[in-house]
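> Before I ask anything, let me first share the structure, which is written out below as structure tokens.
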Amino acid sequence: MNGLDAVMLGKPAVFWQGQRVIFPFSKMEALLYYLLVKGSATRGEIAGLLWSDMEDVIAKKNLRNTLYLLKKQISSDLLLLPSRSLIALNPLVVNSIDVQQFEEEVPHSLELWDGDFLTGFFCKDADLFEEWVNERRDGLKEEYITRLTKQIIKLINDKKYSEAKQYLKRLISVDEYNESAYRVLMKICGRTGKESEIVAIYHQLERKLTNELGIKTDDRTKAIYERVTSRKMSENWSSEQLSGEVFFGRDQELGWLRHWVETFLKGQKTKQLAILHGEQGVGKSAIVTRLLEKVPLTGTLLLRTQCYQAEVNYPYKVWSSVFLQVMAILTKEQVAVPTLWRQVISYIFPAVADSEDFTLPNLISNVHMIQPTMIEEIMCGLLGKLAELKKIILVVEDIQWMDSQGLLVLKNFLRMYPSQTIAMATCRSEYLDSFDGLMGEWEKNGLIEWLAVERFSPESVAEFSKLMFPAKRIKPELLHKLYDYTEGNALFLVECFKLIQMGQDIRRLSSRLQSVLKERVSGLSENGRKVLDMTSAFFRDATYEELVAVCGLNEFDLVEAIEELQQKKLVLEINVPERRGPIYQFCHGLIREYVYSQMSLSRQKMIHYRIGVHLEKLISVDFRARGLYFAVRYHYLQAGEKLKVLEYTIKIAEKYSCPHYEMYPELSDYPMYCNEGLSQRLQITEHLEQIESLITCLKEEVEGEERLSRFKAAYLEMLGRYYIWKGEHRKGIKAIHQLLRLATVKDYLDYQIKGYQQVIYCGIQIRNSKLIERFADALFKKAHEANMKERMAAALRFKGLAAALQNEKFVAEQYYRQSIMLFKRLNVGQGTYAIHIAAAYNYIGDLRHMDRHHLEALSYYEKAIHLYGQRYIGEGLSIVYINAGYTAFQLGDYVKACQYLAGALNDGNQQQGYWRLRSYCTLNCVQALIAVREQRLQEGRHYLEKADDFFVKYHDLYQAGIVLRTKAEIRSAMGRDEKVRTFFEDYLTLSMQEYYRQGKAIFEKLGNGYELESLDVIV
């Protein structure tokens, strides 16, 4: 696309040669918009318009500068200067201006309207410009309304009702209080048989006029509405049995939702998320269920999930039931799913684990690298595969309790597959303010529809009652009591109706719903009440096996009790093919809350303790049940078992705090499921604070308890690890020293080993060779005493790294080779220690690189890559790829360098580790230099800017030197090549000598002779 295109009707945008122009300041943008509309203007006119608060000399100087920057930003041919005082837009460079086309009434010009003139644009300190904008905005809007009205009348006369309806909706969107437009729209709906839409339109208008203007609808409008409702009162649509419950009214909500779903199913663009909000029991879920019964969903996949308050801090938990369905469908349809995806999903949702795909050895090698971004991309990818098969409607109940990670998955999935997916959710009104903040971006982009589900009005309660009972039973006194007791809450009303049908007086509702619920659960058998109590203690659902384990009933009695609860519509039995056996849920959350609140505290504790013990047994026999840790802690917390709460808080913290600052971690030290990547989302500090508080509390209650000492050791190790990861090394070392003192006194060999390793990792971060050497010696000695050969081999590698940092390259290589030999002896052909052997080869490659033996260095890097490829994918592999790419670049083999760097990037798409991101400075610097040498200057600048970004974030001294060396080389090229100078002159503002001086100071401090020589070559 050539020339300039401007959009000013709606949110403004300017495009030059097909690329959107981003203006550095609003007055430059305002100047262009003014010229686009006016064509030309005098300098005094524009200066007064935009800088009226300044002296004339300063205003005209600002205008000159703005004109210069505008031409530089877009094109030197953009403006014409017919005289010294006149500025005009060059018509030869203008392709299209929507305002101009609209005013000229070109064919289909009404379709150009996307909103008011310059919607959302504001120019600070330019009152006269704002006045001009408002004047133009009002004039264009009036013209639009006039032309829309003419078009609507023409279409109605031609009996083109469908098109007229669309134009009427557009007219209402810009003239929202035009009641005559609403009436015409209602009449068209009547002519086309869309009576439910008439009701929805009327309620929309009534709410708008009442709430915003404080006036009532016109009698003519109301007459149309009443004709429709009088016919509907005799039909079954307004009241019928729905899954054993009564459903009434809600025509407005159902009308909008049905239209929304049908629009989606037709493949037309629509909002992606509809949220029904209202108080508990008002009927949100019933509306959703009713809608899904009325709309034909042939060829559409319906996925449903329920959020629970107890799970609000459990990442992705709400998606568990969805992915049971997703994986079952993908398997049934024989859709290929990558093995890595299966492993990650099985890790997050153990219930979907397949014995063929989810094997323990693979997870030991991979799981510590799982990151939130990786999890979310895989979840969206699997949902996307499902969306490729059929359109998806996702229903989320009580979305206010969806965890932040789960909400991010929902938002990303809907964003990625807008034409294939919509979601509807229910939300309690009391949580609306906090939840609304999370959806601010979507709200701004108009992707959400908020549907308020209000209580029934007194008139609606009367209509509802007339449909439920014979006319002779409906007395004004009864209607008054019904509304007084229920205040229009749908659940309360239904329960009152049931009491009346049973011949009981609704005045028994002295405490409203509590009395209703009391009546619901009364008359149960002893076993029925026992099962009901037990089920209420589960904060989600209860499986049949769980009820067998905790109720203490034989299975015949249990089945009878469950059947009794089902007959009384207290509990639902749900058969989920992906889960073993049926699960049981309360028909309504209020019933569960009431039943639970009626138990004594001691009974609650007893039940929670039983459930906790049962869940612990499940974990002990099936490692895939580790997802129950949160549930176990919850039940022991309710049971008052503080020591157990501490134990499981530590296990949860360990799960989410496995460190990523360790380039080659000792995996056997940490739980197989550890995943530091989630720690930022879960705020690991909260877990640590909870552990500290529990230890302090228990110290007084269980003095001398050996387990408490071990728990304290676990806490200190995690605390030290956390501080080291954050870069607060002093605090980290202090915590680890406390750990080592405790571990030495108590003879905790495992924690002594962990403590030594944490200090070593800290030394690696801060490049303190003496610290690494001292604790590597201590680690080797302790491991030797305990005959822990794996730890001895790791200690040898650490000793080699300390020697390398001290420039003792021969000694370092001997240690690396000893480490390799010992790991190989332990390996016995199984590949278990491949990552550690690869690490040593990588380090030897670094030694060869420092000695400028690049071919040898490359061969060692390739050995490491080969070993990684056999057993492991992780950030260590990315680092080796980057090292190999840098070395190939220095050999002048750009093709091979790019191949290695591509390998690092490919691995990086799945991993986001600490060391990999730090080493990205080198990767981007190499890519920048290759791009500049091959005259791909825009790419070169992009890579250099990315290298700077990573350095600013991770502050690695060696990487800083690499960045400065790269800048020095490109700055040198700027003196020889005009094109390079043009692309980089505003970015590389220092001299080549200054970049050289700063880089040299860094490499001299590091003692890196090779990089110093490479700097000298540039000079």
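Following the order of the structure tokens, chains are lettered A, B, ..., residues in each are numbered from 1, and ligands are numbered from 1.
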From region 40-160 of chain A, collect each residue whose DSSP state is strand (DSSP E) and return the set as a PyMOL selection string.
chain A and resi 40-42+79-80+86-89+94-97
> Print the selection's residues with C-alpha atoms to a file, as a JSON list (two decimals), in the first residue's frame.

[["chain", "number", "residue", "atom", "x", "y", "z"],
["A", 40, "SER", "CA", -4.17, 23.72, 4.48],
["A", 41, "ALA", "CA", -3.80, 26.32, 7.21],
["A", 42, "THR", "CA", -1.65, 29.33, 8.06],
["A", 79, "LEU", "CA", 3.84, 18.90, 3.27],
["A", 80, "LEU", "CA", 3.81, 21.73, 0.75],
["A", 86, "LEU", "CA", 0.78, 28.78, 4.47],
["A", 87, "ILE", "CA", 1.18, 25.04, 5.16],
["A", 88, "ALA", "CA", -0.65, 22.50, 3.01],
["A", 89, "LEU", "CA", -0.92, 18.73, 2.85],
["A", 94, "VAL", "CA", -2.45, 11.01, 0.46],
["A", 95, "ASN", "CA", -4.15, 7.72, -0.38],
["A", 96, "SER", "CA", -7.33, 7.78, 1.72],
["A", 97, "ILE", "CA", -8.91, 9.83, 4.51]]
> DSSP on the backbone, then: every residue of region 720-856 of chain A marked alpha helix (DSSP H), written as number ranges by chain.
A: 720-726, 729-746, 749-766, 769-785, 789-805, 809-827, 834-850, 854-856
> At a cut-off of 12 Å, using only C-alpha atoms, what residues contact region 52-61 of chain A? Leave out same-chain residues fewer than 6 positions from it and give the result as a ChimeraX atom specification.
/A:27,42-46,67-68,85,124-130
> Any chance you can output those residues with N, CA, C and O atoms as an mmCIF file, in the first residue's frame?

data_model
loop_
_atom_site.group_PDB
_atom_site.id
_atom_site.type_symbol
_atom_site.label_atom_id
_atom_site.label_comp_id
_atom_site.auth_asym_id
_atom_site.auth_seq_id
_atom_site.Cartn_x
_atom_site.Cartn_y
_atom_site.Cartn_z
ATOM 1 N N LYS A 27 0.923 16.646 20.100
ATOM 2 C CA LYS A 27 0.708 17.843 19.285
ATOM 3 C C LYS A 27 1.155 17.629 17.845
ATOM 4 O O LYS A 27 0.600 18.237 16.928
ATOM 5 N N THR A 42 -2.770 28.411 7.872
ATOM 6 C CA THR A 42 -1.651 29.334 8.058
ATOM 7 C C THR A 42 -0.864 28.942 9.301
ATOM 8 O O THR A 42 -1.383 28.278 10.207
ATOM 9 N N ARG A 43 0.376 29.395 9.335
ATOM 10 C CA ARG A 43 1.212 29.109 10.505
ATOM 11 C C ARG A 43 0.610 29.730 11.770
ATOM 12 O O ARG A 43 0.621 29.116 12.838
ATOM 13 N N GLY A 44 0.105 30.965 11.648
ATOM 14 C CA GLY A 44 -0.492 31.601 12.818
ATOM 15 C C GLY A 44 -1.717 30.865 13.318
ATOM 16 O O GLY A 44 -1.943 30.746 14.520
ATOM 17 N N GLU A 45 -2.516 30.350 12.383
ATOM 18 C CA GLU A 45 -3.726 29.594 12.742
ATOM 19 C C GLU A 45 -3.361 28.338 13.542
ATOM 20 O O GLU A 45 -3.951 28.062 14.599
ATOM 21 N N ILE A 46 -2.364 27.591 13.057
ATOM 22 C CA ILE A 46 -1.978 26.347 13.738
ATOM 23 C C ILE A 46 -1.294 26.641 15.066
ATOM 24 O O ILE A 46 -1.559 25.984 16.085
ATOM 25 N N LEU A 67 6.898 20.613 12.639
ATOM 26 C CA LEU A 67 6.821 20.355 11.200
ATOM 27 C C LEU A 67 8.030 19.567 10.719
ATOM 28 O O LEU A 67 7.913 18.627 9.916
ATOM 29 N N TYR A 68 9.201 19.938 11.231
ATOM 30 C CA TYR A 68 10.428 19.226 10.833
ATOM 31 C C TYR A 68 10.367 17.755 11.261
ATOM 32 O O TYR A 68 10.651 16.840 10.483
ATOM 33 N N SER A 85 3.745 31.759 4.928
ATOM 34 C CA SER A 85 2.754 31.673 6.006
ATOM 35 C C SER A 85 1.814 30.475 5.883
ATOM 36 O O SER A 85 1.110 30.132 6.827
ATOM 37 N N LYS A 124 -2.989 17.707 25.196
ATOM 38 C CA LYS A 124 -2.838 18.474 26.438
ATOM 39 C C LYS A 124 -2.495 19.936 26.142
ATOM 40 O O LYS A 124 -1.742 20.243 25.220
ATOM 41 N N ASP A 125 -3.044 20.833 26.963
ATOM 42 C CA ASP A 125 -2.759 22.272 26.866
ATOM 43 C C ASP A 125 -3.063 22.824 25.477
ATOM 44 O O ASP A 125 -2.299 23.632 24.925
ATOM 45 N N ALA A 126 -4.148 22.379 24.869
ATOM 46 C CA ALA A 126 -4.549 22.881 23.556
ATOM 47 C C ALA A 126 -6.068 23.008 23.545
ATOM 48 O O ALA A 126 -6.762 22.293 22.832
ATOM 49 N N ASP A 127 -6.597 23.967 24.325
ATOM 50 C CA ASP A 127 -8.045 24.096 24.485
ATOM 51 C C ASP A 127 -8.738 24.431 23.177
ATOM 52 O O ASP A 127 -9.846 23.933 22.895
ATOM 53 N N LEU A 128 -8.111 25.281 22.361
ATOM 54 C CA LEU A 128 -8.740 25.666 21.097
ATOM 55 C C LEU A 128 -8.832 24.483 20.146
ATOM 56 O O LEU A 128 -9.813 24.342 19.405
ATOM 57 N N PHE A 129 -7.813 23.624 20.167
ATOM 58 C CA PHE A 129 -7.858 22.415 19.333
ATOM 59 C C PHE A 129 -8.992 21.509 19.805
ATOM 60 O O PHE A 129 -9.732 20.944 18.982
ATOM 61 N N GLU A 130 -9.153 21.366 21.119
ATOM 62 C CA GLU A 130 -10.218 20.528 21.650
ATOM 63 C C GLU A 130 -11.593 21.076 21.274
ATOM 64 O O GLU A 130 -12.512 20.315 20.977
#
> Contacts of region 880-889 of chain A at 6 Å or less, counting only C-alpha atoms, minus same-chain residues fewer than 6 places along, as a count of residues only?
7
> Could you jot down the CA of Leu553 (chain A) to CA of Lys644 (chain A) separation for me, Å, one decimal place?
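Straight-line distance from CA of Leu553 (chain A) to CA of Lys644 (chain A) works out to 26.5 Å.
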> Report as a PyMOL selection string all protein, DNA and RNA residues lying within 12 Å of Asp1016 (chain A), evaluated on only C-alpha atoms, omitting residues in the same chain fewer than 4 positions from it.
chain A and resi 965+968-969+992-993+995-997+999-1000+1003+1009-1012
> Please save C-alpha atoms of the selected residues as a PDB file, in the first residue's frame.

ATOM      1  CA  ARG A 965      32.775  -5.136  22.817  1.00  0.00           C
ATOM      2  CA  ALA A 968      32.718  -0.905  20.047  1.00  0.00           C
ATOM      3  CA  GLU A 969      32.811  -2.988  16.851  1.00  0.00           C
ATOM      4  CA  MET A 992      34.364   3.782  19.865  1.00  0.00           C
ATOM      5  CA  GLN A 993      37.294   4.553  22.204  1.00  0.00           C
ATOM      6  CA  TYR A 995      33.187   1.623  24.516  1.00  0.00           C
ATOM      7  CA  TYR A 996      36.667   0.076  24.148  1.00  0.00           C
ATOM      8  CA  ARG A 997      37.859   1.605  27.434  1.00  0.00           C
ATOM      9  CA  GLY A 999      34.997  -3.113  27.923  1.00  0.00           C
ATOM     10  CA  LYS A1000      38.740  -3.367  28.556  1.00  0.00           C
ATOM     11  CA  PHE A1003      37.845  -7.951  30.928  1.00  0.00           C
ATOM     12  CA  GLY A1009      42.970 -12.400  28.014  1.00  0.00           C
ATOM     13  CA  TYR A1010      41.181 -13.626  24.916  1.00  0.00           C
ATOM     14  CA  GLU A1011      38.411 -11.026  25.073  1.00  0.00           C
ATOM     15  CA  LEU A1012      41.015  -8.333  25.722  1.00  0.00           C
TER      16      LEU A1012
END
> For Leu110 (chain A), which of A:Arg730, A:Arg455, A:Arg170, A:His635 is the closest residue, counting only C-alpha atoms?
A:Arg170
